[in-house]
Structure formats: structure tokens, C-alpha cells
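Encoded as C-alpha cells, the structure appears first; notes follow it.
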Amino acid sequence: MQVKTDCKYYLAYKPCKFHKNDGRICENCKDYDPVGIRILIVKLDALGDVLRTTSILPALKKKYPVSEITWVTKKNAFLLLEGNPFINRKLAIEDNFTQYLLTESFDIGICLDADPQSASILTLSNCKEQLGFIVNKDGKVVPANKEAHQWWLMGVNDDIKKENRTTYQEHTYKICRLTTKVEKPQFELDEKSISFAENLDNENNLKQFKKVIGINTGGGSRWELKKWIFESYIELIKLIKQKHPNYGILLFGGPEEIEMNKKIQEQIPDLIIDTGCKNSIKEFAALINLCDVFFTSDSLGMHLSIALNKTTIVLVGPTSPWELEVFGDGEVIYNKELECIACYKSTCDFVKNCMNTLSPEFVYDKMSIHF
């Protein structure tokens, strides 16, 4: 009897689902689906980075239609990749993932982060072709292919980083040797999270509003000035409600924004609907999906909003506005008068900085174009 071990439904430790369903065997199975090209992707970085990197997946599948994709990441990113139809297998670095990488072979290995841990994983993997970053014999991260050279230079030279006018997605497509149109990040909602968001929708009768605007105060902890100042959030919300009283405003944030969002709610309780700061990734995404327009910093919220096809308004300061892509549906807002934009400093001691020089009126004018 022939057993087709190259079929993506082959399990070895038990029969495949088709044999279980109707007793068929490999020889005559109409659902035989060969794995084809085996692709390994290593992406461990921040959650937002993991999500935005999923934009390469549709292009990889177009280039390699018969392929199997394994994604190595951290456990906290699994929910971002859950249900993604392009990914066949997820491996967490917290588990004993090396037993798979050391015993298997891949046709293509991709690592888009120039950090030692990620690059080491690609280096030890048995990949016929390596794209992105590896470590050399001295343990130093170096480009694996010539297309990764420019992104590598941007990581080691601030001047080159600030001069860059190419989006992150364009860089990743180049590194991966993908020539098709750049796609949005890929994310799948599940029924449980959709139901969770529907409850908030029904409880607050969101259908009464002409539009629903999401205001996300979250920005992570790595860069202090990814977040706007408290007073500006208040004034922006007041401006929106003053000019559009029939718009609903949902307030978003994560665990680090509990205190700020509580103060916002205390000051303008009648102008906002608080979505909470302790939602899971899937719940957070499903709540974003209730919005027509989503206002956020350069953060996970931004990438989720884009993946969910929402009009996305991004406020940017210490990171590069030129690397961000809203795919023609939204706005990247930053102070073009400041030379220090894209400084990538975690803190700032300037009296006038990238956040406090962005007035609520200026931001509203940019936002309202998309209302």
C-alpha cells in the first residue's frame, strides 16, 4: 500500500481526516495535496511587527502556490496568526521547537529581523535558500542575501534610516524577492470575538451613530512619545463630537493605558464609550472592527485596523512615518517641521517635541478628510 508522506494531510501518528471520514486510501484520494515548496519564516519581534510581516504571505503563496509555510514566533503572537489560511504550522520558541528545525529541511528560510536570536534560528535551520538575516561564525548578524543589505544598513546607521522613504512592506518584499503588489497584513477574526464585540455594539446601540470613530491611546512601552499627550486626546474627542454629534466614539487602550483612559472617561463620560483595557488580542481586534475610522499611534492597533480594512489615522513621532503604509485608506500624521522625526529615542527631553507640537485642531483637520 502506498502512503503519500508528502501530502499536507499526512499525520503519521493517526489516519488523515479523509481516511477517517470515508475509509479512502492514498492511491485514489482526490484530496491529495502535496506540500511542494517548504518555507520557514522566523519573526519574533513586537506583536505589531509580527502582524505587519504577514503582508508577505499572499505574495509568497502567489509565487509558490504549492507550498507549506511554518512560522516561528513567540507564544504571545499565536493569537495574531491563529486561523491564518496561509500558515500551515506555528512553532513557539518557548517550546522545544529546535527538534523540528534540526531534523527537517526547508526550501526557503526567511528572517526579517537583524537581531541575534532570530538570525540564529534561521542560521541553524536546514534551508536551501536563506533570505534576510543570519549570524556569521563570530555570532554577528549579517545579511543573508544582497536584497537585505539596505535594511541592514538602516539598522546600524541613523542617518540612512532617516533618509529612507521606502515602506517596511516594500523592504520586506524586496528581501523576500517578491515582485507582486504589496498586500495588507493578514488577520482572521473568530466567532467568539465577533460575538464579544456584538455584545458591546448592542449594549451601546452603536447603530444609532452615523459613523463610529475609534480612539486608541495605546502605544507600547518602548518609546515614550509614541503616545499623544492626555489633554490632546480630550480636546480631539471634544472637537469630533462638537462638529459631528451623530458620531460615536469608542475609547481603546491596553493594560498600560488603564489610568489614562480612566481619567479621560472621568472628564468626558458623555462623549465616549470605553471598550476596556484588558481585552485579548482577538477581542481588541473585533472591537476595532466596529469602527469606521480608527485613530492610533504606530502600534499593534494600527496594524490590526489596516488588516481589518478600516480607515486608519496614525500619529507618528519617534518612529519613521515613511516606513508606514495605510494602503490608500487613511493618513500618517507627523510634524514635518521637526528635524528630529524618526529619532527612535525611547525618551525625549526637548521642550517642543513630536507629540506636544501636534495640536488637536491640526490632527482633527487631517482626520476629518476621511470622515
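Every chain in the C-alpha cells has a letter given in the order shown (A, B, ...), and although residue numbers restart at 1 in each chain, ligands are simply numbered from 1 in the order shown.
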
At most 12 Å is the cut-off: for each residue in stretch 176-198 of chain A with any atom that close to an atom of stretch 302-308 of chain A, write down the nearest atom pair and the distance in Å rounded to one decimal, counting only C-alpha atoms, chain first then increasing number, as a tab-separated table.
residue	atom	partner	partner_atom	distance
A:Glu183	CA	A:Ala307	CA	9.6
A:Lys184	CA	A:Ala307	CA	5.9
A:Pro185	CA	A:Ala307	CA	5.0
A:Gln186	CA	A:Ala307	CA	5.7
A:Phe187	CA	A:Ala307	CA	6.0
A:Glu188	CA	A:Leu308	CA	8.6
A:Leu189	CA	A:Leu308	CA	9.0

Skipping near chain neighbours, those fewer than 6 positions away, what residues fall within 12 Å of A:Gln267 using only C-alpha atoms, listed as a list in words?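 My list of contacting residues is Phe230, Glu231, Tyr233, Ile234, Glu235, Ile237, Lys238, Met260 and Asn261 of chain A.
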
List the neighbours of A:Ser280 out to 12 Å using only C-alpha atoms; skip same-chain residues closer than 6 positions along the sequence, and give me the result as a ChimeraX atom specification. /A:76-80,189,192-193,196-197,253-255,286-287

Using C-alpha atoms, can you export the residues from the last selection as a short mmCIF file (atom, residue, chain, number, x, y, z; two decimals), in the first residue's frame?
data_model
loop_
_atom_site.label_atom_id
_atom_site.label_comp_id
_atom_site.auth_asym_id
_atom_site.auth_seq_id
_atom_site.Cartn_x
_atom_site.Cartn_y
_atom_site.Cartn_z
CA ASN A 76 2.12 35.65 22.76
CA ALA A 77 1.89 36.14 18.98
CA PHE A 78 0.00 32.91 18.30
CA LEU A 79 -3.40 34.64 18.51
CA LEU A 80 -2.32 37.04 15.77
CA LEU A 189 -11.35 37.17 13.47
CA LYS A 192 -16.17 34.10 19.74
CA SER A 193 -14.50 37.51 19.44
CA PHE A 196 -17.95 39.61 22.12
CA ALA A 197 -17.87 42.80 20.05
CA GLY A 253 -6.20 51.03 25.19
CA GLY A 254 -4.19 48.23 26.73
CA PRO A 255 -3.12 47.44 30.31
CA ALA A 286 -13.14 42.56 16.99
CA LEU A 287 -13.84 45.86 18.77
#

Between atom CA of A:Glu259 and atom CA of A:Ile288, what is the distance, to one decimal in Å?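 Separation of atom CA of A:Glu259 and atom CA of A:Ile288: 20.6 Å.
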
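When only C-alpha atoms are used to compute distances to A:Ile213, the closest of the residues A:Arg24, A:Lys227, A:Lys282, A:Lys310 turns out to be A:Lys310.
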
When you look at stretch 4-17 of chain A with a cut-off of 12 Å (counting only C-alpha atoms), what residues show up, excluding the ones that are within fewer than 5 positions of it in the same chain? I need them as a VMD selection string. chain A and resid 22 to 38 66 to 69 87 to 89

Per-residue DSSP, stretch 86-296 of chain A, filtered to helix (DSSP H, G or I), as a ChimeraX atom specification: /A:98-101,116-124,146-156,158-163,168-175,191-203,206-208,224-226,230-243,255-267,281-288

Sort by chain and increasing residue number a table of all residues of stretch 159-257 of chain A within 12 Å of stretch 44-54 of chain A, each with its closest pair of atoms and their distance in Å to one decimal, counting only C-alpha atoms, and write it as JSON lines.
{"residue": "A:Thr167", "atom": "CA", "partner": "A:Arg52", "partner_atom": "CA", "distance": 11.3}
{"residue": "A:Tyr168", "atom": "CA", "partner": "A:Arg52", "partner_atom": "CA", "distance": 8.6}
{"residue": "A:Gln169", "atom": "CA", "partner": "A:Thr53", "partner_atom": "CA", "distance": 7.4}
{"residue": "A:Glu170", "atom": "CA", "partner": "A:Thr53", "partner_atom": "CA", "distance": 10.8}
{"residue": "A:His171", "atom": "CA", "partner": "A:Thr53", "partner_atom": "CA", "distance": 10.6}
{"residue": "A:Thr172", "atom": "CA", "partner": "A:Thr53", "partner_atom": "CA", "distance": 7.7}
{"residue": "A:Tyr173", "atom": "CA", "partner": "A:Thr53", "partner_atom": "CA", "distance": 9.7}
{"residue": "A:Ile175", "atom": "CA", "partner": "A:Thr53", "partner_atom": "CA", "distance": 11.9}
{"residue": "A:Cys176", "atom": "CA", "partner": "A:Thr53", "partner_atom": "CA", "distance": 11.2}
{"residue": "A:Val182", "atom": "CA", "partner": "A:Thr54", "partner_atom": "CA", "distance": 11.0}
{"residue": "A:Glu183", "atom": "CA", "partner": "A:Thr54", "partner_atom": "CA", "distance": 8.9}
{"residue": "A:Lys184", "atom": "CA", "partner": "A:Arg52", "partner_atom": "CA", "distance": 7.7}
{"residue": "A:Pro185", "atom": "CA", "partner": "A:Thr54", "partner_atom": "CA", "distance": 5.0}
{"residue": "A:Gln186", "atom": "CA", "partner": "A:Thr54", "partner_atom": "CA", "distance": 5.5}
{"residue": "A:Phe187", "atom": "CA", "partner": "A:Leu51", "partner_atom": "CA", "distance": 7.6}
{"residue": "A:Glu188", "atom": "CA", "partner": "A:Leu51", "partner_atom": "CA", "distance": 11.1}
{"residue": "A:Gly219", "atom": "CA", "partner": "A:Gly48", "partner_atom": "CA", "distance": 10.3}
{"residue": "A:Gly220", "atom": "CA", "partner": "A:Ala46", "partner_atom": "CA", "distance": 9.5}
{"residue": "A:Ser221", "atom": "CA", "partner": "A:Ala46", "partner_atom": "CA", "distance": 11.0}
{"residue": "A:Arg222", "atom": "CA", "partner": "A:Ala46", "partner_atom": "CA", "distance": 10.0}
